[in-house]
Amino acid sequence: GEFSTSFRGSSKNRIENIKLSASAIKGILLMPGEVKSFNEITGPRKQEFGYKEADVIINGEFTPGVGGGVCQTSTTLYNALLLADVTILERSPHSIPPSYINLGMDAAVSYGYMDLKFRNDFDYPIYIDSEISNDRLYFYIYGDKKERDYTVKVESEIVETIKPKEEIIPDKSLESGMKILLQNGKVGYKVNTYKYIIKNGIVISKELISQDYYREKNYVYKIGQGSKIGNNQ
């Protein structure tokens with residue numbers, strides 16, 4: 001299996017974090033029955049280990065943090081593993097959808113909190129390779145192709161789109177009728193992702209592998225309820 005994502009437009013620090021985490025996974029050999037953890041392989045995202053500060057997603061917001069961009073590495077690896085039909089033991093979605101992957105196909109990681117764990121359930125070793133080419137990150141999963149007479153396809157579908165509501169905070173210190181935006185809204189999504197096993201061009205199985213909820217975020221406005229300027233009571 002192989003998969004790639006683009007990091008075009010990313011900051012220099014974010015790209016460095018992607019390269020560093022991808023290089024840690026390059027050359028991993030997974031023996032039959034062996035379990036691997038993304039966090040254990042890549043280690044803590046700290047400056048002393050070469051990771052740099054770039055935007056990370058925390059509670060639905062982009063916030064500067066050491067190791068920003070590493071989730072793109074875990075997401076790209078996750079999709080390559082799915083296409084190679086490697087068993088996924090642990091995977092989490094982001095709180096908001098990242099731009100580099102389809103909804104329901106991301107794999108968020110945070111050291112000590114969220115991990116990507118996988119196991120080789122084949123009876124032969126598999127080898128994981130990574131590559132950076134131009135503005136793309138690639139992962140390749142190698143195994144005994146003669147032992148596998150099927151292909152894998154992964155697709156996600158949006159089952160519900162949730163529009164943000166408006167929350168109003170009255171404020172008597174503001175002139176009546178004045179409206180100030182405090183928080184931008186975000187559309188929410190509920191997404192199902194499926195894995196298809198295809199043999200001789202025919203789908204022989206369809207498995208629901210994840211149900212994700214990217215939570216909506218309401219618009220928040222402050223509305224003035226004070227007196228109009230110039231109106232002396």
# chains A, B, ... in the order shown; residues from 1 in each chain; ligands from 1

$ closest_atom_pairs --of "stretch 99-193 of chain A" --to "stretch 68-81 of chain A" --cutoff "6 Å" --atoms "only C-alpha atoms" --output "tab-separated table"
residue	atom	partner	partner_atom	distance
A:Asp106	CA	A:Thr75	CA	4.9
A:Ala107	CA	A:Thr75	CA	4.5
A:Ala108	CA	A:Cys71	CA	5.3
A:Val109	CA	A:Cys71	CA	5.8
A:Phe139	CA	A:Leu77	CA	5.9

$ residues_around --residues "A:Gly67" --least-positions-apart "4" --cutoff "9 Å" --atoms "only C-alpha atoms" --output "PyMOL selection string"
chain A and resi 13-14+17-18+44-47+51-56+71

$ residues_around --residues "stretch 24-28 of chain A" --least-positions-apart "6" --cutoff "12 Å" --atoms "only C-alpha atoms" --output "ChimeraX atom specification"
/A:17-18,34-44,49-50,70,73-74,76-77,125-132,137-142

$ select_by_dssp --residues "stretch 103-144 of chain A" --states "strand (DSSP E)" --output "PyMOL selection string"
chain A and resi 117-119+126-133+136-142

$ residues_around --residues "A:Met178" --least-positions-apart "2" --cutoff "12 Å" --atoms "only C-alpha atoms" --output "ChimeraX atom specification"
/A:168-176,180-181,221-229

$ residues_around --residues "A:Ala84" --least-positions-apart "6" --cutoff "8 Å" --atoms "only C-alpha atoms" --output "ChimeraX atom specification"
/A:1-2,141,152

$ closest_atom_pairs --of "stretch 104-161 of chain A" --to "stretch 89-99 of chain A" --cutoff "12 Å" --atoms "only C-alpha atoms" --output "CSV"
residue,atom,partner,partner_atom,distance
A:Gly104,CA,A:Pro93,CA,7.0
A:Met105,CA,A:Pro93,CA,7.8
A:Asp106,CA,A:Pro93,CA,5.7
A:Ala107,CA,A:Pro93,CA,5.3
A:Ala108,CA,A:His94,CA,5.4
A:Val109,CA,A:Ser92,CA,7.4
A:Ser110,CA,A:Ser92,CA,9.9
A:Tyr113,CA,A:Ser92,CA,10.2
A:Met114,CA,A:Ser92,CA,6.7
A:Asp115,CA,A:Arg91,CA,6.3
A:Leu116,CA,A:Arg91,CA,5.0
A:Lys117,CA,A:Glu90,CA,4.9
A:Phe118,CA,A:Leu89,CA,5.1
A:Arg119,CA,A:Leu89,CA,7.0
A:Asn120,CA,A:Leu89,CA,10.4
A:Asp121,CA,A:Leu89,CA,11.3

$ write_last_selection --atoms "N, CA, C and O atoms" --output "compact mmCIF listing (two decimals), in the first residue's frame"
# COMPACT_ATOMS: atom_id res chain seq x y z
N GLY A 104 -12.75 12.21 7.77
CA GLY A 104 -12.83 10.83 8.23
C GLY A 104 -11.61 9.99 7.94
O GLY A 104 -11.58 8.81 8.29
N MET A 105 -10.59 10.59 7.33
CA MET A 105 -9.40 9.81 6.97
C MET A 105 -8.14 10.33 7.64
O MET A 105 -7.02 9.96 7.28
N ASP A 106 -8.30 11.21 8.63
CA ASP A 106 -7.16 11.75 9.35
C ASP A 106 -6.86 10.90 10.57
O ASP A 106 -7.68 10.10 11.02
N ALA A 107 -5.66 11.06 11.09
CA ALA A 107 -5.23 10.33 12.30
C ALA A 107 -4.43 11.29 13.17
O ALA A 107 -3.24 11.52 12.94
N ALA A 108 -5.09 11.85 14.16
CA ALA A 108 -4.44 12.82 15.05
C ALA A 108 -3.58 12.10 16.07
O ALA A 108 -3.93 11.02 16.55
N VAL A 109 -2.45 12.70 16.40
CA VAL A 109 -1.58 12.16 17.45
C VAL A 109 -1.16 13.28 18.38
O VAL A 109 -1.03 14.43 17.98
N SER A 110 -0.98 12.93 19.64
CA SER A 110 -0.48 13.86 20.65
C SER A 110 0.23 13.00 21.69
O SER A 110 -0.37 12.10 22.27
N TYR A 113 -1.25 11.22 24.79
CA TYR A 113 -2.69 11.46 24.80
C TYR A 113 -3.40 10.71 23.68
O TYR A 113 -4.31 9.93 23.92
N MET A 114 -3.00 10.93 22.42
CA MET A 114 -3.57 10.24 21.27
C MET A 114 -2.46 9.59 20.47
O MET A 114 -1.42 10.20 20.24
N ASP A 115 -2.70 8.36 20.02
CA ASP A 115 -1.67 7.61 19.32
C ASP A 115 -2.26 6.94 18.08
O ASP A 115 -3.48 6.81 17.94
N LEU A 116 -1.38 6.53 17.19
CA LEU A 116 -1.72 5.65 16.08
C LEU A 116 -0.99 4.35 16.32
O LEU A 116 0.24 4.31 16.29
N LYS A 117 -1.73 3.28 16.60
CA LYS A 117 -1.13 1.97 16.86
C LYS A 117 -1.61 0.97 15.83
O LYS A 117 -2.79 0.98 15.45
N PHE A 118 -0.71 0.10 15.40
CA PHE A 118 -1.06 -0.86 14.36
C PHE A 118 -0.30 -2.18 14.58
O PHE A 118 0.72 -2.20 15.27
N ARG A 119 -0.84 -3.25 14.01
CA ARG A 119 -0.28 -4.59 14.22
C ARG A 119 -0.21 -5.34 12.89
O ARG A 119 -1.11 -5.26 12.07
N ASN A 120 0.85 -6.10 12.72
CA ASN A 120 1.02 -6.94 11.54
C ASN A 120 0.35 -8.29 11.79
O ASN A 120 0.89 -9.13 12.49
N ASP A 121 -0.83 -8.49 11.21
CA ASP A 121 -1.54 -9.76 11.35
C ASP A 121 -1.28 -10.71 10.18
O ASP A 121 -1.93 -11.76 10.08

$ residues_around --residues "A:Tyr194" --least-positions-apart "6" --cutoff "7 Å" --atoms "only C-alpha atoms" --output "list of chain:residue names"
A:Val154, A:Glu155, A:Ser156, A:Lys206, A:Glu207, A:Leu208, A:Ile209

$ write_last_selection --atoms "N, CA, C and O atoms" --output "mmCIF file, in the first residue's frame"
data_model
loop_
_atom_site.group_PDB
_atom_site.id
_atom_site.type_symbol
_atom_site.label_atom_id
_atom_site.label_comp_id
_atom_site.auth_asym_id
_atom_site.auth_seq_id
_atom_site.Cartn_x
_atom_site.Cartn_y
_atom_site.Cartn_z
ATOM 1 N N VAL A 154 -10.509 2.793 0.344
ATOM 2 C CA VAL A 154 -11.067 3.463 1.517
ATOM 3 C C VAL A 154 -11.829 4.696 1.052
ATOM 4 O O VAL A 154 -11.310 5.506 0.280
ATOM 5 N N GLU A 155 -13.062 4.824 1.519
ATOM 6 C CA GLU A 155 -13.889 5.975 1.165
ATOM 7 C C GLU A 155 -14.647 6.463 2.388
ATOM 8 O O GLU A 155 -15.049 5.665 3.234
ATOM 9 N N SER A 156 -14.843 7.773 2.446
ATOM 10 C CA SER A 156 -15.630 8.345 3.547
ATOM 11 C C SER A 156 -16.851 9.040 2.980
ATOM 12 O O SER A 156 -16.842 9.487 1.824
ATOM 13 N N LYS A 206 -17.388 -4.923 2.771
ATOM 14 C CA LYS A 206 -17.438 -3.497 3.087
ATOM 15 C C LYS A 206 -17.505 -3.383 4.595
ATOM 16 O O LYS A 206 -18.418 -3.907 5.224
ATOM 17 N N GLU A 207 -16.512 -2.697 5.176
ATOM 18 C CA GLU A 207 -16.414 -2.603 6.631
ATOM 19 C C GLU A 207 -16.424 -1.147 7.066
ATOM 20 O O GLU A 207 -15.669 -0.317 6.540
ATOM 21 N N LEU A 208 -17.280 -0.817 8.032
ATOM 22 C CA LEU A 208 -17.275 0.517 8.633
ATOM 23 C C LEU A 208 -16.103 0.584 9.609
ATOM 24 O O LEU A 208 -16.072 -0.134 10.600
ATOM 25 N N ILE A 209 -15.112 1.427 9.309
ATOM 26 C CA ILE A 209 -13.908 1.455 10.149
ATOM 27 C C ILE A 209 -13.885 2.633 11.117
ATOM 28 O O ILE A 209 -13.140 2.602 12.100
#

$ closest_residue --among "A:Ile204, A:Val191, A:Ile15, A:Val86" --to "A:Met31" --atoms "only C-alpha atoms"
A:Val86

$ atom_distance --atom1 "atom CA of A:Gly185" --atom2 "atom CA of A:Lys165"
7.7 Å
